[in-house]
file final.txt (compact mmCIF, C-alpha atoms)
# COMPACT_ATOMS: atom_id res chain seq x y z
CA MET Q 1 -18.65 11.81 -12.35
CA GLN Q 2 -14.90 12.54 -12.44
CA HIS Q 3 -13.02 11.68 -15.62
CA ALA Q 4 -10.33 9.00 -15.67
CA ILE Q 5 -6.81 10.24 -16.28
CA PRO Q 6 -4.66 8.73 -19.08
CA VAL Q 7 -2.21 6.76 -16.95
CA ALA Q 8 -0.13 5.78 -19.97
CA GLY Q 9 1.01 9.40 -20.17
CA LEU Q 10 2.21 9.68 -16.58
CA ARG Q 11 5.92 10.36 -16.21
CA ARG Q 12 6.25 11.37 -12.57
CA ALA Q 13 3.88 11.35 -9.60
CA LEU Q 14 4.19 12.57 -6.02
CA VAL Q 15 2.33 10.90 -3.15
CA VAL Q 16 2.03 13.13 -0.06
CA LYS Q 17 1.29 11.75 3.42
CA LEU Q 18 2.11 14.04 6.33
CA ARG Q 19 1.01 11.99 9.30
CA HIS Q 20 2.37 9.48 11.82
CA HIS Q 21 4.30 6.24 11.25
CA GLY Q 22 1.34 3.87 11.02
CA ASP Q 23 -0.56 6.23 8.72
CA VAL Q 24 2.42 6.41 6.37
CA LEU Q 25 2.93 2.64 6.35
CA LEU Q 26 -0.71 2.12 5.35
CA THR Q 27 -0.17 4.22 2.21
CA THR Q 28 2.23 1.69 0.68
CA PRO Q 29 -0.46 -0.08 -1.36
CA VAL Q 30 -1.02 3.21 -3.23
CA PHE Q 31 2.53 3.09 -4.59
CA SER Q 32 2.16 -0.55 -5.66
CA ALA Q 33 -1.20 -0.02 -7.33
CA LEU Q 34 -0.09 3.13 -9.15
CA LYS Q 35 3.11 1.47 -10.37
CA ARG Q 36 1.16 -1.50 -11.68
CA ALA Q 37 -1.22 0.81 -13.53
CA ALA Q 38 1.58 3.04 -14.86
CA PRO Q 39 4.85 1.03 -14.88
CA GLN Q 40 6.64 3.79 -16.79
CA CYS Q 41 5.93 6.35 -14.06
CA GLU Q 42 8.49 7.39 -11.43
CA ILE Q 43 6.63 7.66 -8.13
CA ASP Q 44 8.05 9.84 -5.35
CA ALA Q 45 6.90 10.29 -1.76
CA LEU Q 46 6.76 13.28 0.56
CA VAL Q 47 6.50 12.51 4.28
CA TYR Q 48 7.76 13.78 7.62
CA ALA Q 49 11.43 12.92 8.20
CA ASP Q 50 10.79 10.68 11.21
CA THR Q 51 8.43 8.48 9.16
CA VAL Q 52 10.86 7.88 6.28
CA PRO Q 53 11.76 4.34 7.53
CA MET Q 54 8.21 3.25 6.73
CA LEU Q 55 8.86 3.78 3.01
CA GLU Q 56 12.62 3.28 2.61
CA GLU Q 57 13.55 0.56 0.10
CA HIS Q 58 9.95 0.22 -1.12
CA PRO Q 59 10.46 -1.23 -4.62
CA ASP Q 60 7.97 1.13 -6.28
CA ILE Q 61 9.25 4.42 -4.83
CA ALA Q 62 11.77 6.35 -6.93
CA ARG Q 63 12.67 9.16 -4.50
CA LEU Q 64 11.80 10.02 -0.92
CA PHE Q 65 11.46 13.66 0.12
CA ALA Q 66 11.06 14.66 3.76
CA ILE Q 67 9.90 17.58 5.88
CA ASP Q 68 11.69 17.85 9.21
CA ARG Q 69 9.29 18.84 11.98
CA GLY Q 70 12.30 20.44 13.66
CA TRP Q 71 12.48 23.15 11.00
CA LYS Q 72 9.89 25.13 12.96
CA LYS Q 73 12.26 25.40 15.91
CA GLN Q 74 15.17 26.78 13.88
CA GLY Q 75 13.77 30.26 13.35
CA LEU Q 76 11.85 31.73 10.44
CA ARG Q 77 14.88 32.32 8.22
CA ARG Q 78 16.24 28.78 8.49
CA GLN Q 79 12.79 27.28 8.14
CA ALA Q 80 12.12 29.35 5.02
CA THR Q 81 15.47 28.30 3.56
CA ALA Q 82 14.74 24.61 4.17
CA GLU Q 83 11.20 24.89 2.81
CA GLY Q 84 12.45 26.76 -0.26
CA ARG Q 85 15.12 24.15 -0.94
CA LEU Q 86 12.53 21.38 -0.74
CA LEU Q 87 10.13 23.22 -3.05
CA ALA Q 88 12.90 23.72 -5.61
CA GLN Q 89 13.72 20.01 -5.53
CA LEU Q 90 10.08 19.07 -6.01
CA ARG Q 91 9.62 21.57 -8.87
CA LYS Q 92 12.66 20.12 -10.62
CA ARG Q 93 10.95 16.74 -10.72
CA GLY Q 94 8.12 18.10 -12.91
CA TYR Q 95 5.18 16.08 -11.59
CA ASP Q 96 2.22 15.18 -13.79
CA LEU Q 97 0.20 13.93 -10.80
CA ILE Q 98 -0.01 14.65 -7.09
CA VAL Q 99 -1.84 12.25 -4.77
CA HIS Q 100 -2.57 13.91 -1.43
CA LEU Q 101 -3.56 11.39 1.24
CA SER Q 102 -4.57 13.55 4.19
CA VAL Q 103 -6.47 16.72 5.03
CA HIS Q 104 -3.24 18.60 5.74
CA THR Q 105 -3.50 22.05 4.13
CA ARG Q 106 0.11 21.85 2.95
CA GLY Q 107 -1.09 19.43 0.26
CA ALA Q 108 -3.33 22.07 -1.26
CA TRP Q 109 -0.58 24.71 -1.24
CA LEU Q 110 1.94 22.29 -2.74
CA THR Q 111 -0.42 21.31 -5.50
CA ARG Q 112 -0.98 24.94 -6.45
CA LEU Q 113 2.77 25.69 -6.35
CA LEU Q 114 3.86 22.57 -8.27
CA ARG Q 115 1.02 22.83 -10.83
CA PRO Q 116 0.70 19.20 -11.93
CA ARG Q 117 -1.71 18.36 -14.72
CA TRP Q 118 -3.75 16.15 -12.39
CA SER Q 119 -4.15 16.06 -8.65
CA VAL Q 120 -6.38 14.25 -6.18
CA GLY Q 121 -7.20 15.06 -2.55
CA PRO Q 122 -9.86 14.15 -0.01
CA CYS Q 123 -13.22 15.85 0.13
CA ARG Q 124 -13.49 18.13 3.16
CA GLY Q 125 -16.87 19.29 4.33
CA ASP Q 126 -15.22 21.99 6.42
CA ALA Q 127 -13.15 23.40 3.53
CA GLY Q 128 -14.02 25.98 0.97
CA ARG Q 129 -13.06 26.89 -2.56
CA PHE Q 130 -9.32 27.11 -1.96
CA TRP Q 131 -9.07 23.50 -0.84
CA HIS Q 132 -11.40 21.92 -3.35
CA GLY Q 133 -10.12 24.10 -6.19
CA SER Q 134 -6.59 22.89 -5.53
CA PHE Q 135 -7.34 19.41 -6.91
CA THR Q 136 -8.71 18.15 -10.21
CA HIS Q 137 -10.14 15.05 -8.52
CA HIS Q 138 -11.51 14.24 -5.07
CA TYR Q 139 -12.13 11.09 -3.05
CA PRO Q 140 -14.22 10.58 0.12
CA ALA Q 141 -12.13 11.03 3.28
CA GLN Q 142 -12.88 8.04 5.52
CA SER Q 143 -16.20 7.74 3.75
CA HIS Q 144 -17.58 4.95 5.93
CA PRO Q 145 -16.85 4.09 9.57
CA HIS Q 146 -16.44 0.44 8.56
CA ARG Q 147 -13.95 1.18 5.77
CA HIS Q 148 -10.32 0.41 6.47
CA THR Q 149 -7.72 3.16 6.04
CA VAL Q 150 -5.92 1.12 3.37
CA ASP Q 151 -9.07 1.16 1.25
CA THR Q 152 -9.65 4.85 1.90
CA ASN Q 153 -6.13 5.57 0.64
CA LEU Q 154 -6.74 3.46 -2.46
CA ASP Q 155 -9.93 5.43 -3.09
CA ALA Q 156 -7.65 8.27 -4.22
CA LEU Q 157 -6.57 6.11 -7.17
CA ARG Q 158 -10.10 4.92 -7.83
CA ALA Q 159 -11.16 8.58 -8.13
CA LEU Q 160 -8.58 8.93 -10.92
CA GLY Q 161 -10.14 6.01 -12.79
CA ILE Q 162 -7.39 3.55 -11.82
CA ASP Q 163 -8.57 0.01 -11.15
CA VAL Q 164 -7.32 -1.45 -7.88
CA SER Q 165 -7.05 -5.21 -7.40
CA ALA Q 166 -6.88 -7.24 -4.20
CA ALA Q 167 -3.21 -7.91 -4.91
CA ASP Q 168 -2.55 -4.16 -4.89
CA ALA Q 169 -3.80 -3.84 -1.32
CA LYS Q 170 -0.76 -5.43 0.33
CA VAL Q 171 1.08 -3.29 2.87
CA THR Q 172 4.81 -3.40 2.19
CA LEU Q 173 7.66 -2.77 4.60
CA VAL Q 174 11.28 -3.64 3.80
CA PRO Q 175 13.47 -3.90 6.94
CA GLY Q 176 16.74 -3.99 4.99
CA ALA Q 177 19.85 -6.11 5.38
CA ALA Q 178 21.24 -4.31 8.45
CA ALA Q 179 17.99 -4.66 10.40
CA GLU Q 180 17.65 -8.31 9.41
CA ALA Q 181 21.19 -9.00 10.62
CA ARG Q 182 20.53 -7.23 13.95
CA ALA Q 183 17.37 -9.27 14.51
CA ASP Q 184 19.24 -12.52 13.81
CA SER Q 185 21.99 -11.44 16.20
CA LEU Q 186 19.47 -10.71 18.97
CA LEU Q 187 17.79 -14.08 18.51
CA ALA Q 188 21.15 -15.83 18.77
CA GLN Q 189 22.17 -13.73 21.79
CA HIS Q 190 19.03 -14.65 23.71
CA GLY Q 191 18.72 -18.25 22.51
CA LEU Q 192 15.48 -17.65 20.62
CA ALA Q 193 14.32 -19.67 17.64
CA ARG Q 194 12.63 -18.05 14.67
CA GLY Q 195 8.90 -18.52 15.20
CA GLY Q 196 9.54 -19.62 18.78
CA PHE Q 197 8.65 -16.55 20.85
CA VAL Q 198 5.87 -14.03 21.48
CA HIS Q 199 6.58 -10.36 20.78
CA LEU Q 200 4.69 -7.95 23.05
CA HIS Q 201 4.64 -4.20 22.43
CA PRO Q 202 2.19 -2.89 25.05
CA ALA Q 203 2.99 0.81 24.80
CA SER Q 204 1.96 3.71 22.61
CA ARG Q 205 2.79 7.41 22.53
CA TRP Q 206 -0.92 7.83 23.34
CA GLY Q 207 -1.46 6.56 26.88
CA PHE Q 208 -5.22 6.35 26.44
CA LYS Q 209 -4.66 3.54 23.91
CA CYS Q 210 -2.70 1.38 26.37
CA TRP Q 211 -3.89 -1.61 28.36
CA PRO Q 212 -2.94 -1.33 32.08
CA ALA Q 213 0.51 -2.69 32.97
CA GLU Q 214 -0.86 -5.10 35.58
CA ARG Q 215 -3.10 -6.74 32.98
CA VAL Q 216 -0.26 -7.01 30.50
CA ALA Q 217 1.75 -8.67 33.29
CA GLN Q 218 -1.04 -11.18 33.93
CA LEU Q 219 -1.09 -11.98 30.22
CA CYS Q 220 2.68 -12.50 30.36
CA ASP Q 221 2.19 -14.88 33.30
CA ALA Q 222 -0.33 -16.94 31.34
CA LEU Q 223 1.76 -17.04 28.17
CA GLY Q 224 4.88 -17.83 30.17
CA ASP Q 225 3.08 -20.75 31.83
CA ARG Q 226 2.57 -22.12 28.33
CA GLY Q 227 6.33 -22.26 27.91
CA LEU Q 228 6.58 -19.41 25.41
CA PRO Q 229 9.58 -17.03 25.57
CA LEU Q 230 8.42 -13.41 25.76
CA VAL Q 231 10.13 -10.40 24.17
CA LEU Q 232 9.03 -6.92 25.28
CA THR Q 233 9.65 -3.82 23.18
CA CYS Q 234 8.70 -0.16 23.22
CA ALA Q 235 9.94 3.19 21.93
CA PRO Q 236 12.75 4.97 23.81
CA GLU Q 237 10.35 7.54 25.32
CA ALA Q 238 10.35 7.59 29.14
CA LYS Q 239 6.60 6.93 29.58
CA GLU Q 240 6.71 3.88 27.34
CA ARG Q 241 9.76 2.49 29.10
CA GLU Q 242 8.07 3.04 32.46
CA LEU Q 243 5.07 0.99 31.31
CA VAL Q 244 7.30 -1.91 30.24
CA ALA Q 245 9.27 -1.68 33.50
CA SER Q 246 5.98 -1.92 35.40
CA VAL Q 247 5.01 -4.99 33.41
CA ARG Q 248 8.33 -6.69 34.14
CA ALA Q 249 8.08 -5.86 37.84
CA ALA Q 250 4.60 -7.40 38.07
CA THR Q 251 5.09 -10.62 36.08
CA HIS Q 252 6.71 -13.83 37.23
CA ALA Q 253 7.37 -14.90 33.63
CA PRO Q 254 10.93 -14.54 32.33
CA THR Q 255 11.01 -11.76 29.75
CA ILE Q 256 13.59 -10.37 27.36
CA ASP Q 257 13.51 -6.58 27.56
CA LEU Q 258 14.44 -4.71 24.37
CA SER Q 259 12.78 -1.45 25.42
CA GLY Q 260 14.06 1.46 23.37
CA ALA Q 261 16.81 -0.70 21.88
CA LEU Q 262 15.44 -1.13 18.36
CA SER Q 263 14.98 1.12 15.35
CA LEU Q 264 11.67 0.82 13.52
CA LYS Q 265 13.34 -1.31 10.84
CA GLU Q 266 14.85 -3.59 13.49
CA LEU Q 267 11.49 -3.85 15.23
CA ALA Q 268 9.98 -4.96 11.91
CA ALA Q 269 12.67 -7.61 11.44
CA LEU Q 270 12.14 -8.86 14.99
CA ALA Q 271 8.35 -8.98 14.58
CA ALA Q 272 8.78 -10.98 11.37
CA ARG Q 273 10.57 -13.67 13.38
CA ALA Q 274 7.93 -13.92 16.14
CA ARG Q 275 5.30 -16.62 16.39
CA LEU Q 276 2.77 -14.03 17.59
CA PHE Q 277 2.66 -10.27 18.09
CA VAL Q 278 0.52 -8.72 20.84
CA GLY Q 279 0.06 -4.96 20.99
CA VAL Q 280 -2.27 -1.99 21.06
CA ASP Q 281 -3.44 0.30 18.26
CA SER Q 282 -0.04 1.69 17.29
CA ALA Q 283 2.52 1.73 14.47
CA PRO Q 284 4.31 -1.44 15.74
CA MET Q 285 1.02 -3.34 15.40
CA HIS Q 286 0.76 -2.24 11.76
CA ILE Q 287 4.44 -3.09 11.26
CA ALA Q 288 3.96 -6.62 12.58
CA ALA Q 289 0.93 -7.12 10.32
CA ALA Q 290 2.92 -5.88 7.33
CA MET Q 291 5.57 -8.50 8.10
CA GLY Q 292 2.91 -11.23 7.98
CA THR Q 293 3.11 -12.14 11.68
CA PRO Q 294 -0.16 -13.18 13.37
CA VAL Q 295 -1.38 -10.22 15.44
CA VAL Q 296 -3.54 -9.80 18.52
CA ALA Q 297 -4.51 -6.12 18.58
CA ILE Q 298 -6.00 -4.57 21.71
CA PHE Q 299 -8.32 -1.66 20.91
CA GLY Q 300 -9.91 0.95 23.12
CA PRO Q 301 -11.43 4.25 21.94
CA SER Q 302 -10.02 4.12 18.39
CA GLY Q 303 -11.87 2.40 15.55
CA ASP Q 304 -10.67 -1.10 14.77
CA ARG Q 305 -12.66 -1.17 11.51
CA GLU Q 306 -10.54 1.68 10.17
CA TRP Q 307 -7.25 0.87 11.92
CA GLY Q 308 -7.21 -2.86 12.61
CA PRO Q 309 -4.43 -5.24 11.50
CA TRP Q 310 -4.35 -5.56 7.71
CA GLY Q 311 -3.30 -8.47 5.55
CA THR Q 312 -2.39 -11.09 8.16
CA LYS Q 313 -4.03 -13.56 10.54
CA SER Q 314 -5.30 -11.45 13.39
CA ARG Q 315 -7.71 -11.02 16.24
CA VAL Q 316 -8.98 -7.66 17.46
CA VAL Q 317 -9.78 -7.60 21.17
CA ALA Q 318 -12.06 -4.83 22.40
CA SER Q 319 -14.61 -4.29 25.13
CA THR Q 320 -17.98 -5.94 24.59
CA THR Q 321 -19.59 -4.04 27.46
CA HIS Q 322 -18.94 -0.44 26.43
CA ALA Q 323 -21.42 0.54 23.74
CA CYS Q 324 -19.73 3.96 23.51
CA ARG Q 325 -16.62 2.59 21.82
CA PRO Q 326 -15.14 3.40 19.47
CA CYS Q 327 -15.60 7.02 20.54
CA GLY Q 328 -12.42 8.37 18.94
CA ARG Q 329 -11.67 10.45 22.03
CA ALA Q 330 -8.49 10.71 24.11
CA GLY Q 331 -9.95 8.61 26.90
CA CYS Q 332 -13.35 8.92 28.58
CA ASP Q 333 -14.40 12.57 28.33
CA ASP Q 334 -10.86 13.25 27.03
CA SER Q 335 -9.46 12.25 30.44
CA LYS Q 336 -6.55 10.26 28.91
CA VAL Q 337 -7.92 7.15 30.67
CA SER Q 338 -10.09 4.73 28.70
CA GLU Q 339 -12.46 2.63 30.78
CA CYS Q 340 -13.02 0.29 27.85
CA LEU Q 341 -9.33 -0.66 28.25
CA THR Q 342 -8.89 -0.50 32.03
CA THR Q 343 -11.72 -3.04 32.42
CA LEU Q 344 -10.81 -5.28 29.46
CA PRO Q 345 -10.42 -8.82 30.89
CA VAL Q 346 -7.13 -10.69 30.59
CA ALA Q 347 -9.05 -13.85 29.70
CA GLN Q 348 -10.45 -12.19 26.58
CA VAL Q 349 -6.98 -11.26 25.30
CA LEU Q 350 -5.52 -14.65 26.26
CA ALA Q 351 -8.28 -16.44 24.36
CA ALA Q 352 -7.39 -14.48 21.23
CA CYS Q 353 -3.72 -15.38 21.68
CA ASP Q 354 -4.57 -19.07 22.08
CA GLU Q 355 -6.68 -19.02 18.92
CA LEU Q 356 -3.75 -17.77 16.84
CA LEU Q 357 -1.13 -19.89 18.60
CA THR Q 358 -3.07 -23.07 17.86
CA ALA Q 359 -4.25 -22.10 14.36
call {"tool": "encode", "arguments": {"input": "final.txt", "output": "C-alpha cells"}}
result
Amino acid sequence: MQHAIPVAGLRRALVVKLRHHGDVLLTTPVFSALKRAAPQCEIDALVYADTVPMLEEHPDIARLFAIDRGWKKQGLRRQATAEGRLLAQLRKRGYDLIVHLSVHTRGAWLTRLLRPRWSVGPCRGDAGRFWHGSFTHHYPAQSHPHRHTVDTNLDALRALGIDVSAADAKVTLVPGAAAEARADSLLAQHGLARGGFVHLHPASRWGFKCWPAERVAQLCDALGDRGLPLVLTCAPEAKERELVASVRAATHAPTIDLSGALSLKELAALAARARLFVGVDSAPMHIAAAMGTPVVAIFGPSGDREWGPWGTKSRVVASTTHACRPCGRAGCDDSKVSECLTTLPVAQVLAACDELLTA
C-alpha cells in the first residue's frame, strides 16, 4: 500500500495534462479537490497551448504553463530554446508535488528533471523501470471500463492519500466577462431568450464520431416543429463547417448558424444560455455539461461510461443493436465510418430530447 503524503506541508504543486480540450476540462475537479485538501498550496497547470481556455480563470489554479505544439515546426534550435525556457520557469517554481494525468512520456521526464518530493502518475503495463521509477505514487489508468474519466483523474489524488468528496467532483469552466457579453449580444441580435433555444453542435474533429448530416437535419425538423429556435455551432475547420452546411441545406427548420464564429469560451457562455444541448462525443459536449445545461450526447464507437456527460441532467443515445460498441476504434475496422452511428434512428435521439425538454 502506498503511503499518504503530508498535505499540510505542500507549498506548490504542478498538474500536467497533455491531451485534447475535453480531456483537459475533465481534470478540473483535481484542482478543486487538491486545493480543498491543501488550501495553502499554490497549484499550477501544464497543458498544450490550444487547451489553455479550458483552465483559464479557474479559481484554484495559480499559474498556467503551456507547451505550443507548433514548437516542433520551428526547427530544433527554436524548439530547444522554447523547451529550455519553459523548464527554467517550472524549476523556479520549486514544486513539492507533480500530478501527471496521462501516459505521455513527457510527464516522466519532467518529474525527473524537476525533482519534486512527491509525484504520482498512472500505472502502465507497457512501461518499464524508467516510467514507474519516475513517480513515488501510482494510480490505475482507466482501471475499469465503467469508470468515468473524472473519477480516474481523481484516483491520482486518492493514491496520495487525499480524500475526495462528491463536492470535489464538479467540472469547472469559467467563460469570463468578455465571453458572457458576446453571448448576450448574440442572443439579443437573433431575438433569442435565455433558456429558450436548443444548441446543436453535431460536428467533431473525428468524423467517425459524427451522426450523419441528414439525420441531424431530420432531428432539426422535429425540434423546429415543436417551435424551438435552433442554434448550430461547430469549429472553424472546413470539414466541420461542411457538415453543418449539409444539415442546413437538408432541414426545413429555421436555424441560426454560428459555425466557426465562437471561441471556446464564447461557446461555453452560449451553451449555458440554452434550454438543451445536443451533440456528439466531443469537447463542446463536455463544455455544455460543465455549464449545467441539460445534454443529449450521441455516442458511437467511444465509451460513454468513461466519456459521457458529467454533472448535469443528461441522456446518452447509442445504438442498441450493435453489440460491438463501444469498440474504441476509428470507425468499423478503422474505416472512419461507424455503422453504430449511421444507423442510429432519429426517433431515439428525439425521444431523449423530449425527455429533457419536458423534465
call {"tool": "residues_around", "arguments": {"input": "final.txt", "residues": "Ala289 (chain Q)", "least_positions_apart": "2", "cutoff": "12 Å", "atoms": "all atoms listed in the file", "output": "ChimeraX atom specification"}}
result
/Q:22,25-26,170-173,268-269,271-272,274,276-279,281-287,291-297,307-315
call {"tool": "residues_around", "arguments": {"input": "final.txt", "residues": "region 244-253 of chain Q", "least_positions_apart": "4", "cutoff": "8 Å", "atoms": "all atoms listed in the file", "output": "list in words"}}
result
Pro202, Ala203, Ala213, Glu214, Val216, Ala217, Gln218, Cys220, Asp221, Gly224, Asp225, Leu232, Thr233, Cys234, Glu240 and Ser259 of chain Q
call {"tool": "atom_distance", "arguments": {"input": "final.txt", "atom1": "CA of Cys324 (chain Q)", "atom2": "CA of Phe299 (chain Q)"}}
result
13.0 Å
call {"tool": "atom_distance", "arguments": {"input": "final.txt", "atom1": "CA of Arg36 (chain Q)", "atom2": "CA of Ala13 (chain Q)"}}
result
13.3 Å
call {"tool": "atom_distance", "arguments": {"input": "final.txt", "atom1": "CA of Arg19 (chain Q)", "atom2": "CA of Pro53 (chain Q)"}}
result
13.3 Å
call {"tool": "closest_atom_pairs", "arguments": {"input": "final.txt", "of": "region 39-144 of chain Q", "to": "region 5-8 of chain Q", "cutoff": "12 Å", "atoms": "only C-alpha atoms", "output": "CSV"}}
result
residue,atom,partner,partner_atom,distance
Q:Pro39,CA,Q:Ala8,CA,8.6
Q:Gln40,CA,Q:Ala8,CA,7.7
Q:Cys41,CA,Q:Ala8,CA,8.5
Q:Asp96,CA,Q:Val7,CA,10.0
Q:Leu97,CA,Q:Ile5,CA,9.6
Q:Arg117,CA,Q:Ile5,CA,9.7
Q:Trp118,CA,Q:Ile5,CA,7.7
Q:Ser119,CA,Q:Ile5,CA,10.0
Q:Val120,CA,Q:Ile5,CA,10.9
Q:Thr136,CA,Q:Ile5,CA,10.2
Q:His137,CA,Q:Ile5,CA,9.7
call {"tool": "closest_residue", "arguments": {"input": "final.txt", "among": "Q:Gly107, Q:Ala290, Q:Leu264, Q:Ala166", "to": "Thr28 (chain Q)", "atoms": "only C-alpha atoms"}}
result
Q:Ala290
call {"tool": "axis_aligned_box", "arguments": {"input": "final.txt", "around": "region 242-248 of chain Q", "padding_each_side": "4 Å", "output": "lines of an AutoDock Vina configuration file"}}
result
center_x = 7.1
center_y = -1.8
center_z = 32.8
size_x = 12.3
size_y = 17.7
size_z = 13.2
call {"tool": "closest_residue", "arguments": {"input": "final.txt", "among": "Q:Ala261, Q:Leu90, Q:Leu34, Q:Cys327", "to": "Glu237 (chain Q)", "atoms": "all atoms listed in the file"}}
result
Q:Ala261
call {"tool": "closest_residue", "arguments": {"input": "final.txt", "among": "Q:Leu76, Q:Ala49, Q:Leu55, Q:Ala82", "to": "Lys265 (chain Q)", "atoms": "all atoms listed in the file"}}
result
Q:Leu55
call {"tool": "residues_around", "arguments": {"input": "final.txt", "residues": "Arg325 (chain Q)", "least_positions_apart": "3", "cutoff": "8 Å", "atoms": "all atoms listed in the file", "output": "number ranges by chain"}}
result
Q: 300-303, 319, 322, 328, 340
call {"tool": "write_last_selection", "arguments": {"input": "final.txt", "atoms": "C-alpha atoms", "output": "PDB file, keeping the file's coordinate frame"}}
result
ATOM      1  CA  GLY Q 300      -9.910   0.950  23.120  1.00  0.00           C
ATOM      2  CA  PRO Q 301     -11.430   4.250  21.940  1.00  0.00           C
ATOM      3  CA  SER Q 302     -10.020   4.120  18.390  1.00  0.00           C
ATOM      4  CA  GLY Q 303     -11.870   2.400  15.550  1.00  0.00           C
ATOM      5  CA  SER Q 319     -14.610  -4.290  25.130  1.00  0.00           C
ATOM      6  CA  HIS Q 322     -18.940  -0.440  26.430  1.00  0.00           C
ATOM      7  CA  GLY Q 328     -12.420   8.370  18.940  1.00  0.00           C
ATOM      8  CA  CYS Q 340     -13.020   0.290  27.850  1.00  0.00           C
TER       9      CYS Q 340
END
call {"tool": "residues_around", "arguments": {"input": "final.txt", "residues": "Val317 (chain Q)", "least_positions_apart": "3", "cutoff": "10 Å", "atoms": "all atoms listed in the file", "output": "PDB file with C-alpha atoms, keeping the file's coordinate frame"}}
result
ATOM      1  CA  VAL Q 280      -2.270  -1.990  21.060  1.00  0.00           C
ATOM      2  CA  VAL Q 296      -3.540  -9.800  18.520  1.00  0.00           C
ATOM      3  CA  ALA Q 297      -4.510  -6.120  18.580  1.00  0.00           C
ATOM      4  CA  ILE Q 298      -6.000  -4.570  21.710  1.00  0.00           C
ATOM      5  CA  PHE Q 299      -8.320  -1.660  20.910  1.00  0.00           C
ATOM      6  CA  GLY Q 300      -9.910   0.950  23.120  1.00  0.00           C
ATOM      7  CA  ASP Q 304     -10.670  -1.100  14.770  1.00  0.00           C
ATOM      8  CA  SER Q 314      -5.300 -11.450  13.390  1.00  0.00           C
ATOM      9  CA  THR Q 320     -17.980  -5.940  24.590  1.00  0.00           C
ATOM     10  CA  LEU Q 341      -9.330  -0.660  28.250  1.00  0.00           C
ATOM     11  CA  LEU Q 344     -10.810  -5.280  29.460  1.00  0.00           C
ATOM     12  CA  PRO Q 345     -10.420  -8.820  30.890  1.00  0.00           C
ATOM     13  CA  GLN Q 348     -10.450 -12.190  26.580  1.00  0.00           C
ATOM     14  CA  VAL Q 349      -6.980 -11.260  25.300  1.00  0.00           C
ATOM     15  CA  LEU Q 350      -5.520 -14.650  26.260  1.00  0.00           C
ATOM     16  CA  ALA Q 351      -8.280 -16.440  24.360  1.00  0.00           C
ATOM     17  CA  ALA Q 352      -7.390 -14.480  21.230  1.00  0.00           C
ATOM     18  CA  CYS Q 353      -3.720 -15.380  21.680  1.00  0.00           C
TER      19      CYS Q 353
END
call {"tool": "residues_around", "arguments": {"input": "final.txt", "residues": "Asn153 (chain Q)", "least_positions_apart": "2", "cutoff": "10 Å", "atoms": "all atoms listed in the file", "output": "ChimeraX atom specification"}}
result
/Q:23,26-30,99-102,122,139-142,148-151,155-158,169
call {"tool": "closest_residue", "arguments": {"input": "final.txt", "among": "Q:Gly176, Q:Gly161, Q:Glu355, Q:Leu14", "to": "Leu110 (chain Q)", "atoms": "only C-alpha atoms"}}
result
Q:Leu14
call {"tool": "closest_residue", "arguments": {"input": "final.txt", "among": "Q:Ile43, Q:Ala323, Q:Leu192, Q:Ala33", "to": "Ala167 (chain Q)", "atoms": "only C-alpha atoms"}}
result
Q:Ala33
call {"tool": "closest_residue", "arguments": {"input": "final.txt", "among": "Q:Val164, Q:Gly9, Q:Gly195, Q:Ser134", "to": "Tyr95 (chain Q)", "atoms": "all atoms listed in the file"}}
result
Q:Gly9
call {"tool": "decode", "arguments": {"input": "final.txt", "residues": "region 328-348 of chain Q", "atoms": "C-alpha atoms", "output": "JSON list (two decimals), in the first residue's frame"}}
result
[["chain", "number", "residue", "atom", "x", "y", "z"],
["Q", 328, "GLY", "CA", -12.88, 2.34, -29.30],
["Q", 329, "ARG", "CA", -11.88, 2.20, -32.96],
["Q", 330, "ALA", "CA", -11.85, 4.93, -35.62],
["Q", 331, "GLY", "CA", -14.98, 3.56, -37.28],
["Q", 332, "CYS", "CA", -15.78, -0.02, -38.25],
["Q", 333, "ASP", "CA", -12.46, -1.77, -38.92],
["Q", 334, "ASP", "CA", -10.85, 1.70, -38.64],
["Q", 335, "SER", "CA", -12.72, 2.78, -41.79],
["Q", 336, "LYS", "CA", -13.61, 6.23, -40.34],
["Q", 337, "VAL", "CA", -17.30, 5.30, -40.74],
["Q", 338, "SER", "CA", -19.21, 4.00, -37.73],
["Q", 339, "GLU", "CA", -22.23, 1.85, -38.55],
["Q", 340, "CYS", "CA", -23.49, 2.21, -34.98],
["Q", 341, "LEU", "CA", -23.95, 5.92, -35.81],
["Q", 342, "THR", "CA", -25.01, 5.78, -39.46],
["Q", 343, "THR", "CA", -27.93, 3.53, -38.47],
["Q", 344, "LEU", "CA", -28.87, 5.29, -35.22],
["Q", 345, "PRO", "CA", -32.59, 6.21, -35.53],
["Q", 346, "VAL", "CA", -33.71, 9.83, -35.35],
["Q", 347, "ALA", "CA", -36.64, 8.77, -33.17],
["Q", 348, "GLN", "CA", -34.25, 7.50, -30.49]]
